[in-house]
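The next block is structure17.pdb, given as PDB, C-alpha atoms.
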ATOM      1  CA  MET A  15      -6.630  16.741  10.081
ATOM      2  CA  THR A  16      -5.906  19.982  11.908
ATOM      3  CA  GLU A  17      -8.607  22.603  12.194
ATOM      4  CA  ASP A  18      -6.348  25.113  10.453
ATOM      5  CA  THR A  19      -6.231  22.929   7.336
ATOM      6  CA  LEU A  20      -9.958  22.196   7.446
ATOM      7  CA  VAL A  21     -10.759  25.916   7.644
ATOM      8  CA  LYS A  22      -8.943  26.360   4.327
ATOM      9  CA  LEU A  23     -10.713  23.395   2.721
ATOM     10  CA  ARG A  24     -14.289  24.236   3.790
ATOM     11  CA  PRO A  25     -15.032  27.289   1.585
ATOM     12  CA  LEU A  26     -16.902  26.390  -1.604
ATOM     13  CA  SER A  27     -14.851  26.421  -4.769
ATOM     14  CA  GLU A  28     -16.167  28.013  -7.965
ATOM     15  CA  GLU A  29     -16.867  24.503  -9.227
ATOM     16  CA  GLU A  30     -18.880  23.618  -6.110
ATOM     17  CA  ARG A  31     -20.922  26.806  -6.356
ATOM     18  CA  GLU A  32     -21.802  25.939  -9.954
ATOM     19  CA  ILE A  33     -22.808  22.410  -8.899
ATOM     20  CA  LYS A  34     -25.141  23.791  -6.194
ATOM     21  CA  ALA A  35     -26.630  26.157  -8.754
ATOM     22  CA  GLY A  36     -27.151  23.336 -11.243
ATOM     23  CA  LYS A  37     -24.892  24.984 -13.822
ATOM     24  CA  TRP A  38     -21.891  22.641 -13.728
ATOM     25  CA  ILE A  39     -21.197  20.167 -16.520
ATOM     26  CA  ALA A  40     -19.116  17.157 -15.487
ATOM     27  CA  ASN A  41     -15.748  16.822 -17.187
ATOM     28  CA  PRO A  42     -15.089  13.185 -18.193
ATOM     29  CA  ASN A  43     -11.373  13.769 -17.645
ATOM     30  CA  LEU A  44     -11.882  15.228 -14.186
ATOM     31  CA  PHE A  45      -9.642  12.693 -12.449
ATOM     32  CA  SER A  46      -7.112  12.234 -15.231
ATOM     33  CA  PRO A  47      -3.510  12.287 -13.982
ATOM     34  CA  ASN A  48      -1.122  15.113 -14.639
ATOM     35  CA  PRO A  49       1.180  13.675 -17.341
ATOM     36  CA  GLU A  50       4.113  15.446 -15.728
ATOM     37  CA  SER A  51       3.574  13.889 -12.291
ATOM     38  CA  GLN A  52       3.203  10.336 -10.997
ATOM     39  CA  VAL A  53       0.944  11.560  -8.178
ATOM     40  CA  THR A  54      -1.902  13.986  -8.941
ATOM     41  CA  ILE A  55      -3.907  15.536  -6.079
ATOM     42  CA  ARG A  56      -7.248  17.341  -6.183
ATOM     43  CA  LYS A  57     -10.056  18.122  -3.776
ATOM     44  CA  TYR A  58     -13.262  16.160  -4.356
ATOM     45  CA  SER A  59     -16.080  18.439  -5.462
ATOM     46  CA  ARG A  60     -18.945  18.276  -2.986
ATOM     47  CA  PHE A  61     -22.646  17.938  -3.917
ATOM     48  CA  PHE A  62     -21.909  15.899  -7.062
ATOM     49  CA  PRO A  63     -21.899  12.087  -7.248
ATOM     50  CA  CYS A  64     -18.884  10.533  -8.899
ATOM     51  CA  PRO A  65     -20.353   8.450 -11.754
ATOM     52  CA  GLN A  66     -19.445   4.819 -12.417
ATOM     53  CA  HIS A  67     -16.056   4.538 -14.096
ATOM     54  CA  THR A  68     -13.356   1.914 -14.584
ATOM     55  CA  LEU A  69     -10.005   2.973 -13.208
ATOM     56  CA  ARG A  70      -7.104   3.270 -15.635
ATOM     57  CA  GLU A  71      -4.677   4.205 -12.878
ATOM     58  CA  VAL A  72      -4.549   3.640  -9.152
ATOM     59  CA  GLU A  73      -6.879   6.067  -7.365
ATOM     60  CA  ALA A  74      -7.002   6.875  -3.665
ATOM     61  CA  VAL A  75      -9.336   8.852  -1.414
ATOM     62  CA  TYR A  76      -8.398  10.426   1.912
ATOM     63  CA  MET A  77     -11.322  11.510   4.075
ATOM     64  CA  CYS A  78     -10.518  14.844   5.750
ATOM     65  CA  SER A  79     -13.844  15.270   7.556
ATOM     66  CA  GLY A  80     -17.366  13.893   7.476
ATOM     67  CA  SER A  81     -17.975  10.726   5.465
ATOM     68  CA  THR A  82     -18.518   9.486   1.922
ATOM     69  CA  VAL A  83     -20.106   6.352   0.482
ATOM     70  CA  HIS A  84     -18.217   4.560  -2.269
ATOM     71  CA  PHE A  85     -18.962   1.480  -4.352
ATOM     72  CA  VAL A  86     -15.979  -0.490  -5.635
ATOM     73  CA  ASN A  87     -16.975  -3.411  -7.852
ATOM     74  CA  ASN A  88     -20.465  -3.001  -6.337
ATOM     75  CA  ARG A  89     -19.246  -3.339  -2.754
ATOM     76  CA  GLU A  90     -20.310  -0.492  -0.486
ATOM     77  CA  ILE A  91     -17.560   1.220   1.536
ATOM     78  CA  VAL A  92     -18.200   4.053   3.993
ATOM     79  CA  LEU A  93     -15.168   6.270   4.555
ATOM     80  CA  ARG A  94     -14.971   8.343   7.727
ATOM     81  CA  ALA A  95     -12.547  11.061   8.804
ATOM     82  CA  GLY A  96      -8.971   9.805   8.621
ATOM     83  CA  ASP A  97      -9.774   6.745   6.475
ATOM     84  CA  LEU A  98      -7.841   5.883   3.325
ATOM     85  CA  LEU A  99      -9.137   3.968   0.324
ATOM     86  CA  PHE A 100      -6.796   2.779  -2.433
ATOM     87  CA  MET A 101      -8.421   1.363  -5.586
ATOM     88  CA  GLY A 102      -6.504  -0.675  -8.137
ATOM     89  CA  THR A 103      -6.407  -0.406 -11.902
ATOM     90  CA  GLY A 104      -9.411  -2.062 -13.517
ATOM     91  CA  ALA A 105     -11.720  -1.543 -10.534
ATOM     92  CA  ASP A 106     -15.195  -0.093 -11.113
ATOM     93  CA  HIS A 107     -15.895   2.858  -8.837
ATOM     94  CA  ARG A 108     -18.714   5.278  -8.096
ATOM     95  CA  MET A 109     -19.492   7.548  -5.146
ATOM     96  CA  ARG A 110     -22.572   9.193  -3.686
ATOM     97  CA  ALA A 111     -22.604  12.964  -3.589
ATOM     98  CA  PRO A 112     -20.730  14.349  -0.552
ATOM     99  CA  GLY A 113     -22.486  16.910   1.625
ATOM    100  CA  GLU A 114     -21.088  20.284   2.632
ATOM    101  CA  ASP A 115     -19.281  18.838   5.686
ATOM    102  CA  ASP A 116     -17.886  15.863   3.760
ATOM    103  CA  ILE A 117     -14.427  16.916   2.632
ATOM    104  CA  ALA A 118     -12.245  14.432   0.768
ATOM    105  CA  VAL A 119      -9.065  14.601  -1.273
ATOM    106  CA  HIS A 120      -8.486  12.447  -4.340
ATOM    107  CA  PHE A 121      -5.166  11.062  -5.576
ATOM    108  CA  THR A 122      -4.414   9.604  -8.994
ATOM    109  CA  ILE A 123      -1.245   7.483  -8.946
ATOM    110  CA  LEU A 124       0.396   6.100 -12.067
ATOM    111  CA  PRO A 125       1.047   2.331 -11.776
ATOM    112  CA  GLU A 126       4.765   2.736 -12.508
ATOM    113  CA  PHE A 127       5.068   4.769  -9.315
ATOM    114  CA  PHE A 128       4.799   1.527  -7.338
ATOM    115  CA  GLU A 129       7.899   0.090  -8.988
ATOM    116  CA  LYS A 130       9.946   2.433  -6.812
ATOM    117  CA  THR A 131       7.961   2.123  -3.601
ATOM    118  CA  ILE A 132       6.133  -0.962  -2.329
ATOM    119  CA  PRO A 133       7.571  -3.635  -4.669
ATOM    120  CA  SER A 134      11.113  -2.466  -3.973
ATOM    121  CA  GLU A 135      10.787  -4.026  -0.526
ATOM    122  CA  GLY A 136      10.733  -7.452  -2.176
ATOM    123  CA  THR A 137       8.851  -9.179   0.669
ATOM    124  CA  PRO A 138       5.766 -11.394   0.289
ATOM    125  CA  LEU A 139       3.555  -8.854   2.067
ATOM    126  CA  SER A 140       4.768  -5.858   0.040
ATOM    127  CA  GLU A 141       4.374  -7.774  -3.209
ATOM    128  CA  PHE A 142       0.817  -8.735  -2.283
ATOM    129  CA  LEU A 143      -0.191  -5.158  -1.459
ATOM    130  CA  GLY A 144       1.539  -3.825  -4.566
ATOM    131  CA  SER A 145      -0.123  -6.372  -6.864
ATOM    132  CA  CYS A 146      -3.533  -5.565  -5.394
ATOM    133  CA  LEU A 147      -3.210  -2.049  -6.754
ATOM    134  CA  ARG A 148      -1.495  -2.392 -10.108
ATOM    135  CA  ASN A 149      -2.578  -5.821 -11.361
ATOM    136  CA  PRO A 150      -6.096  -5.737 -12.893
ATOM    137  CA  GLU A 151      -6.307  -9.536 -12.633
ATOM    138  CA  THR A 152      -5.996  -9.666  -8.845
ATOM    139  CA  PRO A 153      -9.205 -10.596  -6.989
ATOM    140  CA  THR A 154      -8.495  -7.840  -4.448
ATOM    141  CA  SER A 155      -9.523  -4.556  -6.077
ATOM    142  CA  PHE A 156      -9.090  -2.148  -3.171
ATOM    143  CA  LEU A 157      -7.249  -1.590   0.103
ATOM    144  CA  TYR A 158      -9.228   0.172   2.825
ATOM    145  CA  PHE A 159      -7.411   1.422   5.934
ATOM    146  CA  ALA A 160      -9.277   2.691   8.989
ATOM    147  CA  ALA A 161      -6.349   4.886  10.013
ATOM    148  CA  GLY A 162      -7.981   7.864  11.696
ATOM    149  CA  ASP A 163      -6.082   7.389  14.978
ATOM    150  CA  LEU A 164      -2.621   6.709  13.503
ATOM    151  CA  PRO A 165      -0.564   9.931  13.846
ATOM    152  CA  GLU A 166       2.200   8.786  11.474
ATOM    153  CA  VAL A 167      -0.352   8.193   8.711
ATOM    154  CA  GLN A 168      -2.396  11.322   9.420
ATOM    155  CA  ASN A 169       0.662  13.583   9.396
ATOM    156  CA  LEU A 170       1.729  12.324   5.977
ATOM    157  CA  CYS A 171      -1.796  12.686   4.576
ATOM    158  CA  GLU A 172      -2.047  16.217   5.911
ATOM    159  CA  ASN A 173       1.271  17.110   4.276
ATOM    160  CA  LEU A 174      -0.131  15.912   0.948
ATOM    161  CA  VAL A 175      -3.344  17.878   1.448
ATOM    162  CA  ARG A 176      -1.436  21.042   2.349
ATOM    163  CA  SER A 177       0.372  20.901  -0.985
ATOM    164  CA  LEU A 178      -2.999  21.787  -2.538
ATOM    165  CA  LEU A 179      -3.329  24.839  -0.336
ATOM    166  CA  THR A 180       0.225  26.186  -0.374
ATOM    167  CA  PRO A 181       1.925  25.197  -3.638
ATOM    168  CA  ALA A 182       5.711  25.052  -3.497
ATOM    169  CA  PRO A 183       8.117  25.117  -6.474
ATOM    170  CA  ASN A 184       9.203  21.530  -5.822
ATOM    171  CA  ARG A 185       5.874  20.165  -4.597
ATOM    172  CA  ARG A 186       5.716  17.499  -7.330
ATOM    173  CA  SER A 187       8.818  15.754  -6.006
ATOM    174  CA  ILE A 188       7.780  16.311  -2.381
ATOM    175  CA  ASN A 189       4.361  14.741  -3.043
ATOM    176  CA  GLN A 190       5.894  11.688  -4.701
ATOM    177  CA  TYR A 191       8.322  11.123  -1.838
ATOM    178  CA  THR A 192       5.572  11.691   0.729
ATOM    179  CA  MET A 193       3.243   9.239  -0.998
ATOM    180  CA  GLY A 194       6.050   6.666  -1.070
ATOM    181  CA  VAL A 195       6.669   7.068   2.670
ATOM    182  CA  LEU A 196       2.913   6.853   3.308
ATOM    183  CA  LEU A 197       2.644   3.559   1.422
ATOM    184  CA  LEU A 198       5.625   2.118   3.273
ATOM    185  CA  ASN A 199       4.049   3.141   6.595
ATOM    186  CA  LEU A 200       0.821   1.409   5.594
ATOM    187  CA  LEU A 201       2.766  -1.853   5.259
ATOM    188  CA  ASN A 202       2.925  -1.764   9.062
ATOM    189  CA  CYS A 203      -0.799  -1.080   9.403
ATOM    190  CA  THR A 204      -2.375  -4.205   7.947
ATOM    191  CA  ASP A 205      -4.186  -4.657  11.261
ATOM    192  CA  ARG A 206      -6.187  -1.556  10.240
ATOM    193  CA  MET A 207      -7.235  -2.993   6.887
ATOM    194  CA  ARG A 208     -10.878  -3.815   6.318
ATOM    195  CA  TYR A 209     -11.087  -6.986   4.263
ATOM    196  CA  GLN A 210     -13.341  -7.991   1.387
ATOM    197  CA  THR A 211     -13.317 -11.714   2.124
ATOM    198  CA  ARG A 212     -12.213 -14.147   4.812
ATOM    199  CA  GLU A 213      -9.668 -15.503   2.334
ATOM    200  CA  GLU A 214      -8.108 -12.059   2.002
ATOM    201  CA  TYR A 215      -7.942 -11.733   5.784
ATOM    202  CA  HIS A 216      -6.152 -15.075   6.027
ATOM    203  CA  MET A 217      -3.744 -14.160   3.258
ATOM    204  CA  VAL A 218      -2.688 -10.913   4.925
ATOM    205  CA  PHE A 219      -2.485 -12.658   8.330
ATOM    206  CA  ILE A 220      -0.145 -15.275   6.853
ATOM    207  CA  LEU A 221       2.038 -12.702   5.106
ATOM    208  CA  ARG A 222       2.213 -10.558   8.242
ATOM    209  CA  TYR A 223       3.225 -13.649  10.223
ATOM    210  CA  VAL A 224       6.049 -14.253   7.723
ATOM    211  CA  GLU A 225       7.052 -10.595   7.972
ATOM    212  CA  ASN A 226       7.363 -10.779  11.759
ATOM    213  CA  ASN A 227       8.588 -14.368  12.241
ATOM    214  CA  TYR A 228      10.813 -15.062   9.242
ATOM    215  CA  VAL A 229      13.766 -16.207  11.387
ATOM    216  CA  ASP A 230      12.064 -19.053  13.247
ATOM    217  CA  GLY A 231       8.420 -19.138  12.122
ATOM    218  CA  THR A 232       6.873 -22.536  11.413
ATOM    219  CA  LEU A 233       3.835 -23.810   9.582
ATOM    220  CA  LYS A 234       2.815 -25.635  12.761
ATOM    221  CA  GLU A 235       2.727 -22.444  14.805
ATOM    222  CA  LEU A 236       0.898 -20.562  12.052
ATOM    223  CA  SER A 237      -1.707 -23.316  11.740
ATOM    224  CA  GLN A 238      -2.259 -23.200  15.508
ATOM    225  CA  LEU A 239      -2.797 -19.426  15.370
ATOM    226  CA  LEU A 240      -5.366 -19.804  12.583
ATOM    227  CA  GLN A 241      -6.765 -23.030  14.078
ATOM    228  CA  TYR A 242      -6.373 -25.015  10.864
ATOM    229  CA  ASP A 243      -4.901 -28.401  10.037
ATOM    230  CA  PRO A 244      -1.253 -27.861   8.881
ATOM    231  CA  SER A 245      -1.653 -29.997   5.742
ATOM    232  CA  TRP A 246      -4.815 -28.164   4.703
ATOM    233  CA  LEU A 247      -3.252 -24.777   5.433
ATOM    234  CA  SER A 248      -0.136 -25.676   3.431
ATOM    235  CA  ARG A 249      -2.294 -26.392   0.373
ATOM    236  CA  GLU A 250      -4.291 -23.201   0.869
ATOM    237  CA  ILE A 251      -1.167 -21.049   1.188
ATOM    238  CA  LYS A 252       0.045 -22.447  -2.128
ATOM    239  CA  LYS A 253      -3.358 -21.739  -3.685
ATOM    240  CA  TRP A 254      -3.635 -18.227  -2.244
ATOM    241  CA  THR A 255      -0.069 -17.025  -2.838
ATOM    242  CA  GLY A 256       1.339 -19.320  -5.514
ATOM    243  CA  LYS A 257       4.169 -20.257  -3.134
ATOM    244  CA  ARG A 258       4.751 -22.811  -0.417
ATOM    245  CA  PHE A 259       5.109 -21.589   3.158
ATOM    246  CA  MET A 260       8.872 -22.217   3.170
ATOM    247  CA  GLU A 261       9.234 -20.293  -0.086
ATOM    248  CA  LEU A 262       7.542 -17.297   1.540
ATOM    249  CA  LEU A 263       9.930 -17.529   4.498
ATOM    250  CA  GLN A 264      12.943 -17.753   2.204
ATOM    251  CA  GLN A 265      11.776 -14.772   0.160
ATOM    252  CA  LYS A 266      11.521 -12.631   3.286
ATOM    253  CA  ARG A 267      14.815 -13.925   4.719
ATOM    254  CA  LEU A 268      16.751 -13.201   1.532
ATOM    255  CA  SER A 269      15.106  -9.791   1.142
ATOM    256  CA  GLN A 270      16.152  -8.920   4.690
ATOM    257  CA  ALA A 271      19.661 -10.259   4.049
ATOM    258  CA  ALA A 272      19.950  -8.054   0.963
ATOM    259  CA  PHE A 273      18.792  -5.061   2.996
ATOM    260  CA  LEU A 274      21.439  -5.721   5.666
ATOM    261  CA  LEU A 275      24.135  -6.150   3.034
ATOM    262  CA  ARG A 276      23.209  -2.780   1.529
ATOM    263  CA  THR A 277      22.893  -0.839   4.750
ATOM    264  CA  THR A 278      25.264  -2.345   7.339
ATOM    265  CA  ASP A 279      28.850  -3.522   7.766
ATOM    266  CA  MET A 280      27.806  -6.840   9.298
ATOM    267  CA  HIS A 281      29.947  -9.810   8.336
ATOM    268  CA  ILE A 282      28.194 -11.854   5.682
ATOM    269  CA  ASP A 283      28.046 -14.938   7.936
ATOM    270  CA  ASP A 284      26.426 -12.816  10.644
ATOM    271  CA  VAL A 285      23.897 -11.559   8.128
ATOM    272  CA  ALA A 286      23.018 -15.148   7.247
ATOM    273  CA  LEU A 287      22.635 -16.114  10.902
ATOM    274  CA  SER A 288      20.520 -13.052  11.680
ATOM    275  CA  VAL A 289      17.938 -13.982   9.044
ATOM    276  CA  GLY A 290      17.725 -17.650  10.010
ATOM    277  CA  TYR A 291      20.447 -19.529   8.076
ATOM    278  CA  GLU A 292      23.062 -21.542   9.969
ATOM    279  CA  ASN A 293      24.303 -23.412   6.885
ATOM    280  CA  MET A 294      26.468 -20.834   5.119
ATOM    281  CA  SER A 295      26.868 -22.741   1.841
ATOM    282  CA  TYR A 296      23.091 -23.148   1.645
ATOM    283  CA  PHE A 297      22.599 -19.419   2.253
ATOM    284  CA  TYR A 298      25.160 -18.494  -0.420
ATOM    285  CA  ARG A 299      23.494 -20.844  -2.925
ATOM    286  CA  LEU A 300      20.018 -19.464  -2.244
ATOM    287  CA  PHE A 301      21.202 -15.862  -2.403
ATOM    288  CA  ARG A 302      22.972 -16.363  -5.723
ATOM    289  CA  GLY A 303      19.892 -18.109  -7.110
ATOM    290  CA  VAL A 304      17.693 -15.084  -6.339
ATOM    291  CA  TYR A 305      20.066 -12.150  -6.927
ATOM    292  CA  GLY A 306      22.334 -13.665  -9.564
ATOM    293  CA  GLU A 307      25.537 -12.981  -7.642
ATOM    294  CA  SER A 308      27.245 -13.756  -4.361
ATOM    295  CA  PRO A 309      26.394 -11.763  -1.198
ATOM    296  CA  ARG A 310      29.849 -10.146  -1.344
ATOM    297  CA  ALA A 311      29.411  -9.063  -4.973
ATOM    298  CA  TYR A 312      25.911  -7.806  -4.196
ATOM    299  CA  ARG A 313      27.237  -5.703  -1.321
ATOM    300  CA  CYS A 314      29.994  -4.202  -3.477
ATOM    301  CA  GLU A 315      27.538  -3.342  -6.239
ATOM    302  CA  HIS A 316      24.797  -1.851  -4.060
ATOM    303  CA  THR A 317      26.683   0.175  -1.463
ATOM    304  CA  ASP A 318      28.616   3.403  -1.666
ATOM    305  CA  PRO A 319      32.233   2.756  -0.575
ATOM    306  CA  SER A 320      32.465   6.314   0.809
ATOM    307  CA  SER A 321      29.696   5.532   3.318
ATOM    308  CA  HIS A 322      31.797   2.909   5.114
TER     309      HIS A 322
END
Can you dump the structure from the file as structure tokens?
Amino acid sequence: MTEDTLVKLRPLSEEEREIKAGKWIANPNLFSPNPESQVTIRKYSRFFPCPQHTLREVEAVYMCSGSTVHFVNNREIVLRAGDLLFMGTGADHRMRAPGEDDIAVHFTILPEFFEKTIPSEGTPLSEFLGSCLRNPETPTSFLYFAAGDLPEVQNLCENLVRSLLTPAPNRRSINQYTMGVLLLNLLNCTDRMRYQTREEYHMVFILRYVENNYVDGTLKELSQLLQYDPSWLSREIKKWTGKRFMELLQQKRLSQAAFLLRTTDMHIDDVALSVGYENMSYFYRLFRGVYGESPRAYRCEHTDPSSH
């Protein structure tokens, strides 16, 4: 966060002055989303603890300076400058009162927003991260990124914060696009996630391995990296993800093939080879099974002829 932006955030708001004077009455709808926007942004009021509440939407906190202490499903999380905390629907959240130097910005994100961002990637990793936030039944109720030294993340967060300070006529659309780009960038930052359990760490490690090694990755290599017996790991992957290891690889391969069909002029056989399939008839059969049409038909339907 640049000093110029922090200078604008530091002065006490009317609300914060009332809190310090003991005159402020908490509004139960304080963090309710703007019905006209999928992403609502507000500055956290300092000096007042956020009471326990169950999230109806996805909520996120970006720490601009200082630190804050949060409890998500009774787990303590300390956010420091540059950190990001995303909390899923159904999570229970409360926060200790921030001090004068503890400046944070709060986001309320409607669950349907994710239908056009993370899940659209269609990969095992993106589906896992998306389900963590919008599925109340998932055991993972929050995603915590220690991202203070990642310029690409910080720049996007600062752009969102600045929209509070300098409103623009089209800021609603800009904020939604910026939040989408931020979430997609965070897909590449799972090494900065702080995990709730060892199981969650293993799950993200496995999905990141699939993301990076979908062409020639093997269960044997993965088991060696995690130092587990391959048979045991195979059963655990099925338990953790609901899919076998090869199904995860195929999901990523076909997602990447679809992306290449939409965005390049590569020959379809070359697309198949590039994602790990040497048997063309097998590739065509798998692709049709997932997308309901042949690779050629998919390309014709999802690309603009004028762009080629």
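When only C-alpha atoms are used to compute distances to Leu143 (chain A), the closest of the residues A:Leu198, A:Ile251, A:Met77, A:Ala286 turns out to be A:Leu198.
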Using all atoms listed in the file, which residues sit within 9 Å of Phe127 (chain A) once same-chain residues fewer than 5 positions away are excluded, as a list in words?
Gln52, Val53, Gln190 and Gly194 of chain A
Carefully work through the PyMOL selection byres ((chain A and resi 86-88) around 7) for this structure and note down the residues it includes, as a PyMOL selection string.
chain A and resi 84-85+89-90+105-108
C-alpha atoms of the current selection, written as a JSON list (two decimals), in the coordinates of the input:
[["chain", "number", "residue", "atom", "x", "y", "z"],
["A", 84, "HIS", "CA", -18.22, 4.56, -2.27],
["A", 85, "PHE", "CA", -18.96, 1.48, -4.35],
["A", 89, "ARG", "CA", -19.25, -3.34, -2.75],
["A", 90, "GLU", "CA", -20.31, -0.49, -0.49],
["A", 105, "ALA", "CA", -11.72, -1.54, -10.53],
["A", 106, "ASP", "CA", -15.20, -0.09, -11.11],
["A", 107, "HIS", "CA", -15.90, 2.86, -8.84],
["A", 108, "ARG", "CA", -18.71, 5.28, -8.10]]
Mind telling me what the PyMOL selection byres ((chain A and resi 29) around 10) catches here, as a PyMOL selection string?
chain A and resi 26-28+30-35+37-40+59-60
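Distances here use all atoms listed in the file; by that measure, the residue among A:Gly96, A:Pro183, A:Gly113, A:Pro125 closest to Ala160 (chain A) is A:Gly96.
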Got a sec to resolve the PyMOL selection byres ((chain A and resi 277-285) around 12) on this structure and send the residues as a PyMOL selection string?
chain A and resi 229+267-276+286-298+301+308-314+316-319+321-322
Which value, in Å to one decimal, gives the distance between CA of Leu93 (chain A) and CA of Gly80 (chain A)?
8.5 Å
